[in-house]
Structure formats: C-alpha cells, structure tokens
$ cat upload-v8.csv   # CSV, C-alpha atoms and all ligand atoms
chain,number,residue,atom,x,y,z
U,203,MET,CA,104.8,136.8,112.5
U,204,THR,CA,105.5,139.6,114.9
U,205,ASP,CA,106.8,142.0,112.4
U,206,THR,CA,104.1,144.5,111.4
U,207,ASN,CA,106.1,146.0,108.5
U,208,PRO,CA,104.9,144.9,105.1
U,209,CYS,CA,107.4,143.0,103.0
U,210,GLN,CA,109.4,145.3,100.7
U,211,ARG,CA,111.3,142.8,98.7
U,212,ALA,CA,112.3,143.9,95.2
U,213,PHE,CA,112.7,140.4,93.8
U,214,ASP,CA,110.4,137.5,92.7
U,215,GLU,CA,109.2,135.5,95.7
U,216,GLU,CA,110.2,132.3,94.0
U,217,LEU,CA,113.8,133.2,94.5
U,218,LEU,CA,113.3,132.2,98.1
U,219,SER,CA,112.9,128.6,96.8
U,220,GLY,CA,116.0,129.0,94.7
U,221,TYR,CA,117.8,130.3,97.8
U,222,ILE,CA,116.8,127.2,99.9
U,223,ASP,CA,117.9,124.9,97.1
U,224,GLY,CA,121.3,126.6,96.7
U,225,GLU,CA,120.5,127.3,93.0
U,226,LEU,CA,121.1,131.1,93.0
U,227,SER,CA,124.1,133.1,91.9
U,228,GLN,CA,126.2,134.8,94.6
U,229,GLY,CA,124.7,138.2,93.8
U,230,GLU,CA,121.1,136.9,94.1
U,231,ARG,CA,122.0,135.0,97.3
U,232,GLN,CA,123.3,138.1,99.0
U,233,ARG,CA,120.3,140.1,98.0
U,234,ILE,CA,118.0,137.5,99.6
U,235,GLU,CA,120.1,137.3,102.7
U,236,VAL,CA,120.0,141.1,103.2
U,237,HIS,CA,116.2,141.0,102.8
U,238,LEU,CA,115.8,138.0,105.1
U,239,ALA,CA,117.7,139.8,107.8
U,240,GLU,CA,115.0,142.5,107.9
U,241,CYS,CA,111.8,140.8,106.8
U,242,ALA,CA,110.1,138.5,109.3
U,243,SER,CA,107.4,137.2,106.9
U,244,CYS,CA,109.9,136.1,104.3
U,245,ARG,CA,112.0,134.6,107.0
U,246,THR,CA,109.0,132.6,108.2
U,247,LEU,CA,108.1,131.4,104.7
U,248,GLN,CA,111.7,130.4,104.1
U,249,GLU,CA,111.9,128.5,107.3
U,250,SER,CA,108.7,126.6,106.8
U,251,MET,CA,109.7,125.6,103.2
U,252,ARG,CA,113.0,124.5,104.6
U,253,ALA,CA,111.3,122.4,107.2
U,254,VAL,CA,109.2,120.7,104.6
U,255,ARG,CA,112.2,120.0,102.5
U,256,ASP,CA,114.1,118.5,105.5
U,257,ALA,CA,111.1,116.4,106.4
U,258,ALA,CA,110.8,115.1,102.9
U,259,ARG,CA,114.4,114.3,102.6
U,260,SER,CA,114.5,112.4,105.9
U,261,THR,CA,111.4,110.3,105.2
U,262,ALA,CA,112.1,106.6,105.2
U,263,PHE,CA,110.0,104.4,103.0
U,264,ALA,CA,109.5,100.7,103.1
U,265,VAL,CA,110.6,99.0,99.9
U,266,PRO,CA,109.6,95.6,98.5
U,267,THR,CA,111.5,92.5,99.6
U,268,ASP,CA,113.2,90.2,97.1
U,269,GLU,CA,110.3,87.9,97.4
U,270,GLN,CA,107.8,90.6,96.5
U,271,TRP,CA,109.9,91.6,93.5
U,272,ARG,CA,109.9,88.0,92.3
U,273,GLU,CA,106.1,87.7,93.0
U,274,THR,CA,105.2,90.8,90.8
U,275,ALA,CA,107.7,89.7,88.1
U,276,ARG,CA,105.7,86.5,87.9
U,277,THR,CA,102.4,88.3,87.2
U,278,LEU,CA,103.8,90.4,84.5
U,279,PRO,CA,103.7,88.0,81.5
U,280,GLY,CA,100.0,87.5,82.4
U,281,ARG,CA,99.3,91.2,82.2
U,282,TRP,CA,101.1,91.6,78.9
U,283,SER,CA,99.4,88.7,77.3
U,284,ARG,CA,96.1,90.0,78.5
U,285,GLN,CA,96.8,93.3,76.6
U,286,LEU,CA,97.8,91.3,73.6
U,287,GLY,CA,94.7,89.2,74.0
U,288,TRP,CA,92.4,92.2,73.9
U,289,LEU,CA,94.1,93.6,70.8
U,290,PHE,CA,93.6,90.2,69.1
U,291,VAL,CA,89.9,90.1,70.1
U,292,ILE,CA,89.4,93.7,68.8
U,293,LEU,CA,91.1,92.9,65.5
U,294,CYS,CA,89.1,89.7,65.0
U,295,ALA,CA,85.9,91.5,65.8
U,296,ALA,CA,86.6,94.2,63.3
U,297,ALA,CA,87.5,91.7,60.6
U,298,GLY,CA,84.3,89.7,61.4
U,299,ALA,CA,82.1,92.8,61.2
U,300,GLY,CA,83.7,93.8,57.9
U,301,ILE,CA,83.0,90.4,56.4
U,302,LEU,CA,79.4,90.4,57.8
U,303,LEU,CA,78.7,93.8,56.3
U,304,TRP,CA,80.1,92.7,52.9
U,305,GLU,CA,78.0,89.6,52.9
U,306,ALA,CA,74.9,91.4,54.0
U,307,ALA,CA,75.3,94.0,51.3
U,308,ALA,CA,75.8,91.4,48.6
U,309,SER,CA,73.2,88.9,49.8
U,310,PRO,CA,69.7,88.6,48.4
U,311,GLU,CA,68.2,88.9,52.0
U,312,PRO,CA,65.1,91.1,52.4
U,313,TRP,CA,65.8,94.8,53.1
U,314,TRP,CA,64.9,94.6,56.8
U,315,VAL,CA,67.6,92.0,57.5
U,316,LYS,CA,70.2,94.3,56.0
U,317,VAL,CA,68.9,97.2,58.0
U,318,THR,CA,69.2,95.2,61.2
U,319,VAL,CA,72.7,94.0,60.5
U,320,PHE,CA,73.9,97.5,59.5
U,321,GLY,CA,72.2,99.0,62.5
U,322,VAL,CA,73.7,96.7,65.1
U,323,LEU,CA,77.2,96.8,63.6
U,324,GLY,CA,77.0,100.5,63.1
U,325,GLY,CA,75.9,101.0,66.7
U,326,VAL,CA,78.7,98.9,68.1
U,327,GLY,CA,81.2,100.7,65.8
U,328,LEU,CA,80.1,104.1,67.0
U,329,LEU,CA,80.3,103.1,70.7
U,330,PHE,CA,83.8,101.8,70.1
U,331,ALA,CA,84.8,105.0,68.3
U,332,SER,CA,83.5,107.2,71.1
U,333,VAL,CA,85.6,105.3,73.7
U,334,LEU,CA,88.6,105.7,71.4
U,335,MET,CA,87.9,109.4,71.0
U,336,ASP,CA,87.7,109.8,74.8
U,337,ARG,CA,91.0,108.2,75.2
U,338,LEU,CA,92.7,110.4,72.6
U,339,HIS,CA,91.1,113.5,74.0
U,340,ASP,CA,92.4,112.7,77.4
U,341,ARG,CA,95.8,112.0,76.0
U,342,ARG,CA,95.9,115.4,74.3
U,343,HIS,CA,94.6,117.3,77.3
U,344,ASP,CA,96.9,115.7,79.8
U,345,ARG,CA,97.3,117.8,82.8
U,346,TYR,CA,100.9,116.8,83.2
U,347,ARG,CA,101.8,118.1,79.8
U,348,ARG,CA,100.5,121.6,80.4
U,349,VAL,CA,103.4,123.9,81.4
U,350,HIS,CA,102.3,126.1,84.2
U,351,LYS,CA,104.6,129.1,83.7
F,16,MET,CA,108.8,95.1,103.3
F,17,THR,CA,112.2,96.0,104.4
F,18,LEU,CA,113.6,99.4,105.2
F,19,THR,CA,115.5,101.5,102.7
F,20,SER,CA,118.5,101.8,105.0
F,21,THR,CA,119.0,98.1,105.2
F,22,MET,CA,119.3,97.6,101.5
F,23,ALA,CA,122.6,98.6,99.9
F,24,PRO,CA,122.8,98.4,96.1
F,25,PRO,CA,125.0,95.6,94.8
F,26,VAL,CA,128.5,96.7,93.8
F,27,GLY,CA,130.7,95.5,90.9
F,28,GLU,CA,130.8,96.5,87.3
F,29,SER,CA,129.8,100.0,86.3
F,30,ASP,CA,126.4,100.7,84.7
F,31,ARG,CA,128.2,101.4,81.4
F,32,GLU,CA,129.9,98.0,81.4
F,33,LEU,CA,126.7,96.2,82.3
F,34,VAL,CA,124.7,98.0,79.6
F,35,LEU,CA,127.2,97.0,77.0
F,36,LEU,CA,127.2,93.4,78.2
F,37,ALA,CA,123.4,93.3,78.4
F,38,ARG,CA,123.1,94.5,74.8
F,39,GLU,CA,125.1,91.6,73.7
F,40,GLY,CA,122.6,89.3,75.3
F,41,ASP,CA,124.2,88.8,78.7
F,42,GLN,CA,121.2,88.0,80.9
F,43,GLU,CA,123.1,88.1,84.1
F,44,ALA,CA,124.3,91.7,83.3
F,45,LEU,CA,120.8,92.7,82.6
F,46,SER,CA,119.5,91.2,85.8
F,47,THR,CA,122.3,92.9,87.8
F,48,LEU,CA,121.4,96.2,86.2
F,49,THR,CA,117.7,96.0,87.0
F,50,THR,CA,118.3,94.7,90.5
F,51,ARG,CA,120.7,97.6,91.2
F,52,HIS,CA,118.3,100.3,90.1
F,53,ARG,CA,114.9,98.9,90.9
F,54,ARG,CA,114.9,100.3,94.4
F,55,SER,CA,115.3,103.9,93.4
F,56,ALA,CA,112.9,103.4,90.6
F,57,TYR,CA,110.4,102.0,93.0
F,58,LEU,CA,110.8,104.9,95.5
F,59,LEU,CA,110.2,107.4,92.7
F,60,ALA,CA,107.1,105.5,91.6
F,61,LEU,CA,105.9,105.3,95.2
F,62,GLN,CA,106.2,109.0,95.7
F,63,LEU,CA,104.4,109.8,92.4
F,64,MET,CA,101.7,107.2,92.9
F,65,GLY,CA,101.2,107.2,96.6
F,66,ASN,CA,100.7,103.5,97.4
F,67,PRO,CA,102.9,100.4,97.2
F,68,ASP,CA,100.8,98.3,94.9
F,69,ASP,CA,100.6,100.9,92.1
F,70,ALA,CA,104.2,101.7,92.6
F,71,LEU,CA,105.3,98.1,92.3
F,72,ASP,CA,103.2,97.7,89.1
F,73,ALA,CA,104.6,100.9,87.6
F,74,THR,CA,108.2,99.9,88.5
F,75,GLN,CA,107.9,96.5,87.0
F,76,ASP,CA,106.4,97.9,83.8
F,77,ALA,CA,109.1,100.5,83.6
F,78,LEU,CA,111.9,98.0,84.1
F,79,ILE,CA,110.6,95.9,81.3
F,80,ARG,CA,110.5,98.9,79.0
F,81,PHE,CA,113.9,99.7,80.2
F,82,CYS,CA,115.2,96.3,79.1
F,83,VAL,CA,113.3,96.3,75.9
F,84,HIS,CA,114.7,99.7,74.8
F,85,LEU,CA,118.2,99.3,76.1
F,86,ASN,CA,119.5,99.4,72.6
F,87,ARG,CA,118.3,103.0,72.2
F,88,PHE,CA,120.2,104.1,75.3
F,89,ASP,CA,123.5,105.9,75.0
F,90,ALA,CA,125.8,103.9,77.4
F,91,GLU,CA,128.1,106.9,77.9
F,92,ARG,CA,125.4,108.8,79.6
F,93,PRO,CA,124.2,108.3,83.2
F,94,LEU,CA,121.6,105.7,83.4
F,95,LYS,CA,119.4,107.0,86.3
F,96,PRO,CA,117.8,110.0,84.5
F,97,TRP,CA,116.8,107.8,81.7
F,98,LEU,CA,115.3,105.2,84.0
F,99,TYR,CA,113.6,108.0,85.9
F,100,SER,CA,112.0,109.3,82.8
F,101,ILE,CA,110.6,105.9,82.0
F,102,VAL,CA,109.3,105.5,85.5
F,103,ARG,CA,107.7,108.9,85.4
F,104,ASN,CA,106.0,108.3,82.0
F,105,ARG,CA,104.7,104.9,83.3
F,106,CYS,CA,103.2,106.5,86.4
F,107,ARG,CA,101.6,109.2,84.3
F,108,ASP,CA,100.0,106.6,82.1
F,109,LEU,CA,98.7,104.6,85.0
F,110,LEU,CA,97.3,107.7,86.8
F,111,ARG,CA,95.7,108.8,83.5
F,112,ARG,CA,94.2,105.5,82.8
F,113,ARG,CA,92.7,105.4,86.3
F,114,ARG,CA,91.1,108.8,85.7
F,115,VAL,CA,89.6,107.7,82.4
F,116,ARG,CA,88.1,104.7,84.0
F,117,ARG,CA,86.6,106.7,86.9
F,118,THR,CA,85.4,109.8,85.2
F,119,GLU,CA,85.4,111.7,88.4
F,120,PRO,CA,87.3,114.8,89.5
F,121,ILE,CA,91.0,114.0,89.7
F,122,ASP,CA,91.5,115.6,93.1
F,123,SER,CA,89.1,113.1,94.8
F,124,ASP,CA,90.8,110.0,93.7
F,125,ASP,CA,93.4,109.9,96.5
F,126,GLU,CA,91.9,107.6,99.0
F,127,ARG,CA,94.6,105.3,97.6
F,128,TRP,CA,97.2,107.6,99.1
F,129,ARG,CA,98.2,105.8,102.2
F,130,PRO,CA,100.2,107.8,104.7
F,131,GLU,CA,101.0,104.8,107.0
F,132,ILE,CA,103.6,103.5,104.6
F,133,VAL,CA,106.0,106.0,106.1
F,134,ASP,CA,108.0,104.1,108.6
F,135,GLU,CA,108.5,106.1,111.7
F,136,SER,CA,110.7,103.6,113.5
F,137,ALA,CA,113.3,104.3,110.9
F,138,ASP,CA,114.4,107.4,112.9
F,139,PRO,CA,114.4,106.4,116.6
F,140,HIS,CA,116.5,109.4,117.5
F,141,GLY,CA,114.4,112.0,115.8
F,142,ASP,CA,111.9,113.8,117.9
F,143,LEU,CA,108.2,113.2,117.6
F,144,GLU,CA,107.5,116.6,116.1
F,145,ARG,CA,109.7,115.9,113.2
F,146,SER,CA,108.3,112.5,112.5
F,147,ARG,CA,104.8,114.0,112.7
F,148,LEU,CA,105.8,116.6,110.2
F,149,ARG,CA,107.0,113.9,107.8
F,150,THR,CA,103.7,112.1,107.9
F,151,ARG,CA,101.8,115.3,107.4
F,152,VAL,CA,103.9,116.4,104.5
F,153,TRP,CA,103.4,113.0,102.9
F,154,SER,CA,99.7,113.2,103.3
F,155,ALA,CA,99.5,116.7,102.0
F,156,LEU,CA,101.5,115.7,99.0
F,157,GLY,CA,98.7,113.3,98.0
F,158,GLN,CA,96.3,116.3,97.9
F,159,LEU,CA,98.4,118.3,95.4
F,160,ARG,CA,97.8,118.7,91.7
F,161,PRO,CA,99.9,116.0,89.9
F,162,ASP,CA,102.3,118.5,88.4
F,163,HIS,CA,102.9,120.2,91.7
F,164,ARG,CA,103.3,116.8,93.4
F,165,GLU,CA,105.8,115.7,90.8
F,166,ILE,CA,108.1,118.7,91.1
F,167,LEU,CA,108.1,118.5,94.9
F,168,VAL,CA,108.9,114.8,94.7
F,169,LEU,CA,111.8,115.4,92.3
F,170,ARG,CA,113.3,118.2,94.3
F,171,ASP,CA,112.4,117.6,98.0
F,172,TYR,CA,112.2,113.8,98.1
F,173,GLN,CA,114.5,112.8,95.3
F,174,ASP,CA,116.9,115.7,95.9
F,175,LEU,CA,117.5,116.3,92.2
F,176,SER,CA,119.0,119.6,91.1
F,177,TYR,CA,117.1,122.2,89.0
F,178,SER,CA,119.1,121.2,85.9
F,179,GLN,CA,118.3,117.5,86.4
F,180,ILE,CA,114.6,118.3,86.9
F,181,SER,CA,114.7,120.6,83.9
F,182,ASP,CA,116.2,117.8,81.7
F,183,LEU,CA,113.7,115.2,83.1
F,184,LEU,CA,110.6,117.3,82.6
F,185,GLY,CA,111.8,119.1,79.5
F,186,ILE,CA,111.1,122.6,81.0
F,187,PRO,CA,113.5,125.5,81.5
F,188,GLN,CA,115.2,125.9,84.9
F,189,GLY,CA,113.3,129.1,85.6
F,190,THR,CA,110.1,127.2,85.2
F,191,VAL,CA,111.4,124.6,87.6
F,192,MET,CA,111.9,127.2,90.2
F,193,SER,CA,108.6,129.0,89.7
F,194,ARG,CA,106.6,125.8,89.6
F,195,LEU,CA,108.4,124.4,92.6
F,196,HIS,CA,107.8,127.5,94.6
F,197,ARG,CA,104.1,127.5,93.8
F,198,ALA,CA,103.9,123.8,94.8
F,199,ARG,CA,105.7,124.6,98.0
F,200,LYS,CA,103.3,127.3,98.9
F,201,GLN,CA,100.4,125.1,98.0
F,202,LEU,CA,101.8,122.4,100.2
F,203,ALA,CA,102.3,124.9,103.0
F,204,SER,CA,98.7,126.0,102.8
F,205,GLN,CA,97.6,122.3,103.0
F,206,LEU,CA,99.7,121.9,106.1
F,207,ALA,CA,98.5,124.9,108.0
F,208,PRO,CA,95.0,126.1,108.3
F,209,PRO,CA,94.9,129.7,106.9
F,210,SER,CA,94.2,131.3,110.3
F,211,ALA,CA,96.8,129.4,112.2
F,212,GLY,CA,99.9,131.2,110.8
F,213,ALA,CA,102.8,129.3,109.3
F,214,THR,CA,104.8,127.8,112.1
F,215,TYR,CA,105.9,124.2,111.7
F,216,THR,CA,108.8,124.0,114.0
Z,1,ZN,ZN,110.0,139.9,102.7
$ encode --input "upload-v8.csv" --output "structure tokens" --more "lines below"
Ligand SMILES: [Zn+2]
Amino acid sequence: MTDTNPCQRAFDEELLSGYIDGELSQGERQRIEVHLAECASCRTLQESMRAVRDAARSTAFAVPTDEQWRETARTLPGRWSRQLGWLFVILCAAAGAGILLWEAAASPEPWWVKVTVFGVLGGVGLLFASVLMDRLHDRRHDRYRRVHK
Amino acid sequence: MTLTSTMAPPVGESDRELVLLAREGDQEALSTLTTRHRRSAYLLALQLMGNPDDALDATQDALIRFCVHLNRFDAERPLKPWLYSIVRNRCRDLLRRRRVRRTEPIDSDDERWRPEIVDESADPHGDLERSRLRTRVWSALGQLRPDHREILVLRDYQDLSYSQISDLLGIPQGTVMSRLHRARKQLASQLAPPSAGATYT
C-alpha cells in the first residue's frame, strides 16, 4: 500500500466482489476497472480476495473410500432405530404418567400420597417441557436463518 | 481416504432417467444415483462442517432423505441444487444440535475443525506459498460465523454462481454479493494481522 491518496470510489465496495466473480454488468465492470487503475488500496483488496478465491478453488480434499461409505451406511439403521426408540420411550412414559395421575386422583389413598405422586410427575413434566422449549427457542433464533443485509 | 482427482463419477444414464427409474422402485438406479452424487455432497458437507466424521454422517443422512423424498422432486430440474439444499439443511441441523448440547459460545466450538485434511501432495507442481495459503484459508474458514462460512464455501470452494447461491439460500442476488463481500473481508482480516497489511502473494 504505497499509495497515499485516499480511495475516492463512487460505488459500493461490495462491487469489488462482484467484479472478481464476473457477476457485474459491462458498465459496472468498466467503472471498477477505471477505478482500480488509479486506486492502489482497492487494487490490493481485490488482489487479496482473488488470491483467497484461487486458493479455495484449488484446494484438494480427501474423500471417503468405497469401504468407508459402506461402513457408515451400515451404522445408519442403528442411528435411525435409536431415534425411533427414544420417541417410543417418551410416548410410553407420557402414557404411563397419565394413567398414574388418573389412578392417583381417583384412588382412596391418603392426601400425602397424592401430593407426592403429583409432585414427582409434575416436576419431571416441567423439566421435559423446559428442554423442549429450549430446542424450539433455538430453532426459531437460528443464526443461519437471519438475513444479514 | 482417496484423493478427489482419482475418483471420476460413473457415467451412463442421465440423472433424469435414473430418477424416473428409481421412483418405479428400481434399486439399482437409486444406488447409481446416490453413488454418482455422494462425492460432491460429501465435499459440501465437509466444507460446511469442517471435519470428515461429521461430514460423512451428514452426507449419509442427507442421502437417505434424498431417497425418501425422491417422489417430491421434479425430474426435469437439475438434481444437484436439490441435493445441495438437503445437505446444507442437514449440516445446519447437526451444527445446531451440537450447540444446544454444549451451551457454550458458538465461535469456540471449532476445535473439531481440522486443517490437516487438506492434502498438499495433491498439487506437486504448485509452489509452497500457494499451498500454505490454501491451508491458512481453510483454517480461517473454521473461525468464521456460520453464515459467512457458508457463503464463502458456496462461492469460492463450490464455485456456484450468484444466482445458484441465491436459489439455494433463498436470498436476493444483491444480498449474496454483500454477504459474500463481508465474509471475504472477515476472512482477510483473519488471515492477516491488522498491522501487517494485506499482502498474500
Ligand atoms: Zn479505491
């Protein structure tokens, strides 16, 4: 950055990215080129972004072998059935709790037994609900979904 | 692991033909279809997730979803954007789930980002400086905010056009350009300490 003149561009800086990517109209492109010819700091920025792009595009990654693909495919049914299993456990627990509450309310047990049963089940229910709310909250406030204009 | 360059996708029927066959229950067509596209799906997942284990998981899940929902897919349209959006959603879910489990700041969860998976021997003719830059860009990518990382991956690693990215993310092309530019500047500042000036060549 040897140029001491401040940048005097009259366009949004992001057009430099559009320029690198070949996404501009001919008119915009010419405007950028005229400016780049006289502005060292935009030239430097443009060159460094281009270097990053070239580096990214030429990066080689290792990919799984056929054997590795087969190996993960084998573990998949397990994962899926585990998820189904959890769902089943939760549904059964909820049904069991419902029946227990019903029984407790209708039974001739002393009041302190009813309070204990309601207390324990209510506590578990609240814990479960709080986890669920956390999940939902996170889903709604997903960082990816926010559009950063 | 094998190198990307040594694996050419299988050739034969077009995607469209295979999709139509697979829908009629042709298991072989379905298997050809997933085998043909799993490599690029994996690379996208790898670039979004940062490490091979997560990427493989995400890809397998995405491929299953892809097979399950094949009936919803319009066979006349190109297949890759659709698969990419499934992969991307899958990666988002996995990253999110990990965050929920950990309850710590998002930006610190990137010890899983392993720069050494970039294979430098793939480019024996390239000079050392270039290969070093590749590794540094990859590491810096792991430090970025997820939406910045995503857009850089789609443009600079995957080489998608603005209109393809716009379709995939559901944002206007102007937003693609501005977000991409911010991501690039952010990456540049990760690569160069503020005082050192911006020279990478
Ligand atoms: Zn300038």
$ residues_near_ligand --input "upload-v8.csv" --ligand "ligand ZN 1 (chain Z)" --cutoff "10 Å" --atoms "all atoms listed in the file" --output "ChimeraX atom specification"
/U:207-213,215,218,234,237-248
$ interface_residues --input "upload-v8.csv" --of "chain U" --to "chain F" --cutoff "7 Å" --atoms "all atoms listed in the file" --output "list in words"
Glu216, Ser219, Gly220, Ser250, Met251, Val254, Arg255, Ala257, Ala258, Arg259, Thr261, Ala262, Phe263, Ala264, Val265, Pro266, Thr267, Ala275, Tyr346, His350 and Lys351 of chain U
$ write_last_selection --input "upload-v8.csv" --atoms "C-alpha atoms" --output "PDB file, in the coordinates of the input"
ATOM      1  CA  GLU U 216     110.200 132.300  94.000  1.00  0.00           C
ATOM      2  CA  SER U 219     112.900 128.600  96.800  1.00  0.00           C
ATOM      3  CA  GLY U 220     116.000 129.000  94.700  1.00  0.00           C
ATOM      4  CA  SER U 250     108.700 126.600 106.800  1.00  0.00           C
ATOM      5  CA  MET U 251     109.700 125.600 103.200  1.00  0.00           C
ATOM      6  CA  VAL U 254     109.200 120.700 104.600  1.00  0.00           C
ATOM      7  CA  ARG U 255     112.200 120.000 102.500  1.00  0.00           C
ATOM      8  CA  ALA U 257     111.100 116.400 106.400  1.00  0.00           C
ATOM      9  CA  ALA U 258     110.800 115.100 102.900  1.00  0.00           C
ATOM     10  CA  ARG U 259     114.400 114.300 102.600  1.00  0.00           C
ATOM     11  CA  THR U 261     111.400 110.300 105.200  1.00  0.00           C
ATOM     12  CA  ALA U 262     112.100 106.600 105.200  1.00  0.00           C
ATOM     13  CA  PHE U 263     110.000 104.400 103.000  1.00  0.00           C
ATOM     14  CA  ALA U 264     109.500 100.700 103.100  1.00  0.00           C
ATOM     15  CA  VAL U 265     110.600  99.000  99.900  1.00  0.00           C
ATOM     16  CA  PRO U 266     109.600  95.600  98.500  1.00  0.00           C
ATOM     17  CA  THR U 267     111.500  92.500  99.600  1.00  0.00           C
ATOM     18  CA  ALA U 275     107.700  89.700  88.100  1.00  0.00           C
ATOM     19  CA  TYR U 346     100.900 116.800  83.200  1.00  0.00           C
ATOM     20  CA  HIS U 350     102.300 126.100  84.200  1.00  0.00           C
ATOM     21  CA  LYS U 351     104.600 129.100  83.700  1.00  0.00           C
TER      22      LYS U 351
END
$ atom_distance --input "upload-v8.csv" --atom1 "atom CA of F:Gly65" --atom2 "atom CA of U:Trp271"
18.1 Å
$ atom_distance --input "upload-v8.csv" --atom1 "atom CA of U:Ile222" --atom2 "atom CA of U:Glu249"
9.0 Å
$ atom_distance --input "upload-v8.csv" --atom1 "atom CA of F:Gly157" --atom2 "atom CA of U:Glu269"
27.9 Å
$ decode --input "upload-v8.csv" --residues "stretch 238-255 of chain U" --atoms "N, CA, C and O atoms" --output "mmCIF file, in the first residue's frame"
data_model
loop_
_atom_site.group_PDB
_atom_site.id
_atom_site.type_symbol
_atom_site.label_atom_id
_atom_site.label_comp_id
_atom_site.auth_asym_id
_atom_site.auth_seq_id
_atom_site.Cartn_x
_atom_site.Cartn_y
_atom_site.Cartn_z
ATOM 1 N N LEU U 238 -9.845 0.863 -10.393
ATOM 2 C CA LEU U 238 -8.721 0.024 -9.975
ATOM 3 C C LEU U 238 -7.402 0.529 -10.550
ATOM 4 O O LEU U 238 -6.350 0.436 -9.918
ATOM 5 N N ALA U 239 -7.478 1.093 -11.748
ATOM 6 C CA ALA U 239 -6.268 1.587 -12.396
ATOM 7 C C ALA U 239 -5.642 2.727 -11.595
ATOM 8 O O ALA U 239 -4.431 2.947 -11.650
ATOM 9 N N GLU U 240 -6.478 3.430 -10.832
ATOM 10 C CA GLU U 240 -5.919 4.588 -10.137
ATOM 11 C C GLU U 240 -5.896 4.454 -8.610
ATOM 12 O O GLU U 240 -5.367 5.325 -7.932
ATOM 13 N N CYS U 241 -6.485 3.382 -8.081
ATOM 14 C CA CYS U 241 -6.552 3.272 -6.627
ATOM 15 C C CYS U 241 -5.811 2.035 -6.130
ATOM 16 O O CYS U 241 -6.233 0.897 -6.358
ATOM 17 N N ALA U 242 -4.708 2.257 -5.442
ATOM 18 C CA ALA U 242 -3.868 1.137 -5.008
ATOM 19 C C ALA U 242 -4.538 0.323 -3.899
ATOM 20 O O ALA U 242 -4.385 -0.893 -3.850
ATOM 21 N N SER U 243 -5.301 0.971 -3.030
ATOM 22 C CA SER U 243 -5.848 0.203 -1.909
ATOM 23 C C SER U 243 -6.958 -0.737 -2.388
ATOM 24 O O SER U 243 -7.041 -1.875 -1.922
ATOM 25 N N CYS U 244 -7.774 -0.287 -3.319
ATOM 26 C CA CYS U 244 -8.788 -1.193 -3.871
ATOM 27 C C CYS U 244 -8.127 -2.313 -4.667
ATOM 28 O O CYS U 244 -8.604 -3.453 -4.672
ATOM 29 N N ARG U 245 -7.015 -1.968 -5.327
ATOM 30 C CA ARG U 245 -6.292 -2.980 -6.096
ATOM 31 C C ARG U 245 -5.778 -4.084 -5.152
ATOM 32 O O ARG U 245 -5.927 -5.270 -5.426
ATOM 33 N N THR U 246 -5.214 -3.648 -4.034
ATOM 34 C CA THR U 246 -4.698 -4.619 -3.061
ATOM 35 C C THR U 246 -5.817 -5.509 -2.514
ATOM 36 O O THR U 246 -5.673 -6.737 -2.445
ATOM 37 N N LEU U 247 -6.911 -4.874 -2.154
ATOM 38 C CA LEU U 247 -8.049 -5.633 -1.622
ATOM 39 C C LEU U 247 -8.540 -6.647 -2.644
ATOM 40 O O LEU U 247 -8.748 -7.824 -2.344
ATOM 41 N N GLN U 248 -8.676 -6.172 -3.866
ATOM 42 C CA GLN U 248 -9.158 -7.034 -4.947
ATOM 43 C C GLN U 248 -8.213 -8.202 -5.180
ATOM 44 O O GLN U 248 -8.649 -9.347 -5.335
ATOM 45 N N GLU U 249 -6.919 -7.926 -5.153
ATOM 46 C CA GLU U 249 -5.942 -8.996 -5.385
ATOM 47 C C GLU U 249 -5.954 -10.021 -4.258
ATOM 48 O O GLU U 249 -5.858 -11.227 -4.494
ATOM 49 N N SER U 250 -6.098 -9.534 -3.019
ATOM 50 C CA SER U 250 -6.061 -10.491 -1.911
ATOM 51 C C SER U 250 -7.318 -11.363 -1.925
ATOM 52 O O SER U 250 -7.247 -12.556 -1.643
ATOM 53 N N MET U 251 -8.460 -10.778 -2.282
ATOM 54 C CA MET U 251 -9.679 -11.587 -2.345
ATOM 55 C C MET U 251 -9.596 -12.599 -3.481
ATOM 56 O O MET U 251 -10.080 -13.720 -3.371
ATOM 57 N N ARG U 252 -8.969 -12.192 -4.553
ATOM 58 C CA ARG U 252 -8.777 -13.100 -5.682
ATOM 59 C C ARG U 252 -7.842 -14.259 -5.296
ATOM 60 O O ARG U 252 -8.068 -15.404 -5.676
ATOM 61 N N ALA U 253 -6.828 -13.929 -4.501
ATOM 62 C CA ALA U 253 -5.888 -14.967 -4.069
ATOM 63 C C ALA U 253 -6.595 -15.999 -3.190
ATOM 64 O O ALA U 253 -6.365 -17.212 -3.320
ATOM 65 N N VAL U 254 -7.484 -15.514 -2.316
ATOM 66 C CA VAL U 254 -8.240 -16.425 -1.456
ATOM 67 C C VAL U 254 -9.116 -17.327 -2.307
ATOM 68 O O VAL U 254 -9.190 -18.550 -2.113
ATOM 69 N N ARG U 255 -9.745 -16.714 -3.285
ATOM 70 C CA ARG U 255 -10.641 -17.484 -4.152
ATOM 71 C C ARG U 255 -9.869 -18.570 -4.914
ATOM 72 O O ARG U 255 -10.304 -19.716 -4.984
#
